[in-house]
Amino acid sequence: MTSKISGKLIITSYKYGKFHKESETHRVACFIADNKLEYIKVIPDEQVLPAGTIVTGKVTNVVNNIPAAFVALNQAKDMGFLSLVDLEQAVVTNGKFNGKLKSGDEVLVKVVREPMKTKDYTLTAKLDMTAKYAVAHMGSGNLLFSKKLSAKEKDIILNYLVSKAIVTRDKKLIGMEDVDITIRTDAGKLVAEEKLDVLLQDVEQTTASLRRLISQASMRTCYTVHQRPVTWLSEVWHELHLCGFAIEEYVTDDFTMLQTLKELVHASEADKIRLHQDEKISLETLYGLTFKIDELLQTKVWLPSGGYLYIEPTEAMTVVDVNTGKAIRKGDDSEALFYEVNREAAAELARQLRLRNISGMVIVDFINMKSKENEHAILSYMKECAKADYSKIAVYDFTRLGLLELTRNKKSKALHEILR
C-alpha cells in the first residue's frame, strides 16, 4: 500500500445475543475509518491464557508413545499439551526433577498457542523473558545472535559486552551459566545509533526477571500465573500496520482499558487516548458497533450495486456465492453488470475475510462472464484487494467449473467461533 488509511480504534463492550438468555458480553477493539468497520479484535477475557503466559501447571497424564504430557492449568481443569522433547531445563516446583515427568508433578510451563476448536493449549517447558533487544532463556551460559544481524553488527555488540564483563570472547556468559542470551535483530539499530547501553539494560533485566521467576516459583501454589502478557494490543498494532491502517485516536468507555492504553501506548501518542463519557449516547451506539458486528455473523452481505455475497463456513472450507440480487442495468449489457457486481464482490470479500477472520480453503462462485478478459481482470483485482490483510491470502485461479480458489492462513479463531 502506498498510503495509510487513518481511523479510530474503538475499545468497548459488545453483547452477542442480547435478546436471548444466553447472551454474552465481549470486549472488542474495532478500527473505524470513514464510519466503516475495517478491523475487529475480540479481546480475550481473563480466563483465557494468552500466548506468552507462564503458569505452574499440574501433570495429569503422561503418554510416552506420543511423547507428551497433559497439564492442567487451573482449577477449571483447562488442559495443555506439553511435548516431552527437550525437557532438560524443566522446572518442577513440588519435587526434584530427574529428567522425566510423572503424574502429579507441578511444572512451570509457558503457553505457546491458545486452544482452537477441539485442541488444547500448546505448552513448552522452555521458559524465557523477552525484551525489545534481547531474550533470556534457560540454557547453559551461551551468547547467541539473530541470524539477521550482520557480521559487523555482531562483532561490535560482542566487543561491547566483553568490555562490560558480560561475556567472554568465545561467547560464554560470565556468572550466568544457567541461562542463554539471544541478541535480537532490532539490536542492530542500537549499533547504528551508538546506544548499546540500552541493549545492556535489556540483557540485565531479562536475565534478572527469568532468575527471579524460577527462584520464586517453588514458593507459589499450583496454578499460579507468574506472567500474563497483554498481547492483544501488540497484535492489534501489528495487524493494523500490515493492513495499511493508522490509528489517529484511541477511544474507550472502559476505565480498565483506559489504564491499559495509558500504560502501553507510547508517551508520544498519549494525547490520542480519549475516554468516552457522554451519558446521552453510548460509545457502541455512537458508532453503530452492534449493528456492524451483527452483520459479520450473517450469511448475506449486500453490495452497493444491489448484488450480494452469500458466505457459508463449513467444516472443510468456506463457500462464497456471488449474486446479482437487486442489481439492475438498463439495456441488454448484462456482461458489464456482471463485471461490476463481481468487482464489488471481490473488494467486499477481501474485507469480509479479514473482519470474520476466515481461514483455510475458500471457494468463490463469481457470476459467470463470457469475456475471458473480464475474468482475468477480476482475478487480478481479487489478488490486489487481498494484499490489505494481516494474514496471507493466496489467490489461485478459476477452475474449469468457473470457481475461484483461494486460501487464507490461520492465526486465530474465526469471529463466528468466538461469538457463537
# chains A, B, ... in the order shown; residues from 1 in each chain; ligands from 1
call {"tool": "closest_atom_pairs", "arguments": {"of": "stretch 32-85 of chain A", "to": "stretch 406-414 of chain A", "cutoff": "12 Å", "atoms": "only C-alpha atoms", "output": "JSON lines"}}
result
{"residue": "A:Ile40", "atom": "CA", "partner": "A:Ala414", "partner_atom": "CA", "distance": 11.1}
{"residue": "A:Lys41", "atom": "CA", "partner": "A:Ala414", "partner_atom": "CA", "distance": 10.4}
{"residue": "A:Val42", "atom": "CA", "partner": "A:Lys413", "partner_atom": "CA", "distance": 10.0}
{"residue": "A:Pro44", "atom": "CA", "partner": "A:Lys413", "partner_atom": "CA", "distance": 11.4}
{"residue": "A:Pro50", "atom": "CA", "partner": "A:Ser412", "partner_atom": "CA", "distance": 11.3}
{"residue": "A:Ala51", "atom": "CA", "partner": "A:Ser412", "partner_atom": "CA", "distance": 11.3}
call {"tool": "select_by_dssp", "arguments": {"residues": "stretch 262-330 of chain A", "states": "strand (DSSP E)", "output": "PyMOL selection string"}}
result
chain A and resi 273-275+300-302+308-313+318-323
call {"tool": "closest_residue", "arguments": {"among": "A:Glu373, A:Asp128, A:Asp365, A:Glu348", "to": "A:Glu335", "atoms": "only C-alpha atoms"}}
result
A:Glu373
call {"tool": "residues_around", "arguments": {"residues": "A:Val251", "least_positions_apart": "4", "cutoff": "7 Å", "atoms": "only C-alpha atoms", "output": "list in words"}}
result
Leu9, Ile10, Ile11, Ile273, Arg274, Leu275 and His276 of chain A
call {"tool": "write_last_selection", "arguments": {"atoms": "C-alpha atoms", "output": "PDB file, in the first residue's frame"}}
result
ATOM      1  CA  LEU A   9      -9.553   2.375  17.393  1.00  0.00           C
ATOM      2  CA  ILE A  10     -12.725   1.935  19.444  1.00  0.00           C
ATOM      3  CA  ILE A  11     -12.425  -0.280  22.537  1.00  0.00           C
ATOM      4  CA  ILE A 273      -6.217   8.467  24.060  1.00  0.00           C
ATOM      5  CA  ARG A 274      -9.759   9.599  24.912  1.00  0.00           C
ATOM      6  CA  LEU A 275     -12.324   8.365  27.429  1.00  0.00           C
ATOM      7  CA  HIS A 276     -15.904   8.494  26.161  1.00  0.00           C
TER       8      HIS A 276
END
call {"tool": "select_by_dssp", "arguments": {"residues": "stretch 160-236 of chain A", "states": "alpha helix (DSSP H)", "output": "MDAnalysis selection string"}}
result
chainID A and resid 160:163 187:193 196:217 231:236
call {"tool": "residues_around", "arguments": {"residues": "A:Leu73", "least_positions_apart": "3", "cutoff": "12 Å", "atoms": "only C-alpha atoms", "output": "ChimeraX atom specification"}}
result
/A:47-49,53-60,70,76-82,106-111,120-123,221-225
call {"tool": "write_last_selection", "arguments": {"atoms": "C-alpha atoms", "output": "CSV table (one decimal), in the first residue's frame"}}
result
chain,number,residue,atom,x,y,z
A,47,GLN,CA,-10.0,-16.7,31.9
A,48,VAL,CA,-8.1,-17.2,28.6
A,49,LEU,CA,-4.4,-17.6,29.0
A,53,THR,CA,1.6,-16.7,29.8
A,54,ILE,CA,3.8,-18.6,32.3
A,55,VAL,CA,1.9,-20.7,34.9
A,56,THR,CA,2.6,-23.5,37.3
A,57,GLY,CA,0.5,-26.4,35.9
A,58,LYS,CA,-0.1,-29.9,37.2
A,59,VAL,CA,0.7,-33.0,35.1
A,60,THR,CA,-2.4,-35.2,34.9
A,70,PHE,CA,-1.2,-33.4,29.6
A,76,ALA,CA,-11.3,-25.4,36.0
A,77,LYS,CA,-9.0,-28.1,34.5
A,78,ASP,CA,-8.2,-26.3,31.3
A,79,MET,CA,-5.7,-28.6,29.7
A,80,GLY,CA,-2.4,-28.1,27.9
A,81,PHE,CA,-0.3,-30.3,25.6
A,82,LEU,CA,3.3,-30.4,26.6
A,106,GLU,CA,3.8,-29.3,39.3
A,107,VAL,CA,5.8,-27.8,36.4
A,108,LEU,CA,6.4,-24.3,35.1
A,109,VAL,CA,5.1,-24.0,31.6
A,110,LYS,CA,4.7,-21.3,29.0
A,111,VAL,CA,1.7,-21.0,26.7
A,120,ASP,CA,-6.0,-27.8,24.0
A,121,TYR,CA,-3.3,-25.2,24.8
A,122,THR,CA,0.1,-25.9,23.4
A,123,LEU,CA,2.8,-25.6,26.1
A,221,THR,CA,1.0,-22.6,44.8
A,222,CYS,CA,0.0,-24.7,41.9
A,223,TYR,CA,-1.9,-22.9,39.1
A,224,THR,CA,-0.2,-19.6,39.9
A,225,VAL,CA,0.0,-17.3,36.9
call {"tool": "closest_residue", "arguments": {"among": "A:Leu200, A:Lys126, A:Glu38, A:Met369", "to": "A:Val162", "atoms": "only C-alpha atoms"}}
result
A:Leu200
call {"tool": "closest_residue", "arguments": {"among": "A:Asn142, A:Ser150, A:Asn342, A:Thr256", "to": "A:Ala327", "atoms": "only C-alpha atoms"}}
result
A:Asn342
call {"tool": "residues_around", "arguments": {"residues": "A:Arg169", "least_positions_apart": "6", "cutoff": "12 Å", "atoms": "only C-alpha atoms", "output": "list of chain:residue names"}}
result
A:Asn142, A:Leu143, A:Lys154, A:Asp155, A:Ile156, A:Ile157, A:Leu158, A:Asn159, A:Tyr160, A:Leu161, A:Val162, A:Ser163
call {"tool": "write_last_selection", "arguments": {"atoms": "C-alpha atoms", "output": "CSV table (one decimal), in the first residue's frame"}}
result
chain,number,residue,atom,x,y,z
A,142,ASN,CA,25.8,-19.0,25.8
A,143,LEU,CA,25.5,-15.7,23.9
A,154,LYS,CA,27.7,-9.0,15.8
A,155,ASP,CA,31.3,-8.1,16.3
A,156,ILE,CA,30.5,-4.6,17.6
A,157,ILE,CA,27.9,-6.0,20.1
A,158,LEU,CA,30.3,-8.8,21.2
A,159,ASN,CA,33.2,-6.3,21.8
A,160,TYR,CA,30.9,-4.1,23.8
A,161,LEU,CA,29.6,-6.9,26.0
A,162,VAL,CA,33.1,-8.2,26.5
A,163,SER,CA,34.2,-4.7,27.7
call {"tool": "residues_around", "arguments": {"residues": "stretch 233-237 of chain A", "least_positions_apart": "5", "cutoff": "9 Å", "atoms": "only C-alpha atoms", "output": "list in words"}}
result
Ala29, Ile40, Lys41, Ile43, Leu242, Ala246, Ile247, Leu261 and Leu264 of chain A
call {"tool": "write_last_selection", "arguments": {"atoms": "C-alpha atoms", "output": "CSV table (one decimal), in the first residue's frame"}}
result
chain,number,residue,atom,x,y,z
A,29,ALA,CA,-11.2,-3.4,19.6
A,40,ILE,CA,-12.1,-6.2,14.7
A,41,LYS,CA,-10.3,-8.0,17.5
A,43,ILE,CA,-10.1,-9.1,23.4
A,242,LEU,CA,0.1,-5.0,7.9
A,246,ALA,CA,-3.0,4.0,11.0
A,247,ILE,CA,-4.6,4.9,14.4
A,261,LEU,CA,-3.8,2.1,27.0
A,264,LEU,CA,1.2,0.6,26.8
call {"tool": "closest_residue", "arguments": {"among": "A:Thr124, A:Thr118, A:Ser391, A:Ser334", "to": "A:Leu87", "atoms": "only C-alpha atoms"}}
result
A:Thr124
call {"tool": "closest_residue", "arguments": {"among": "A:Glu248, A:Thr290, A:Val364, A:Asn64", "to": "A:Thr25", "atoms": "only C-alpha atoms"}}
result
A:Thr290
call {"tool": "closest_residue", "arguments": {"among": "A:Ala346, A:Leu415, A:Leu283, A:Leu199", "to": "A:Glu375", "atoms": "only C-alpha atoms"}}
result
A:Ala346
call {"tool": "atom_distance", "arguments": {"atom1": "atom CA of A:Leu101", "atom2": "atom CA of A:Val62"}}
result
7.4 Å
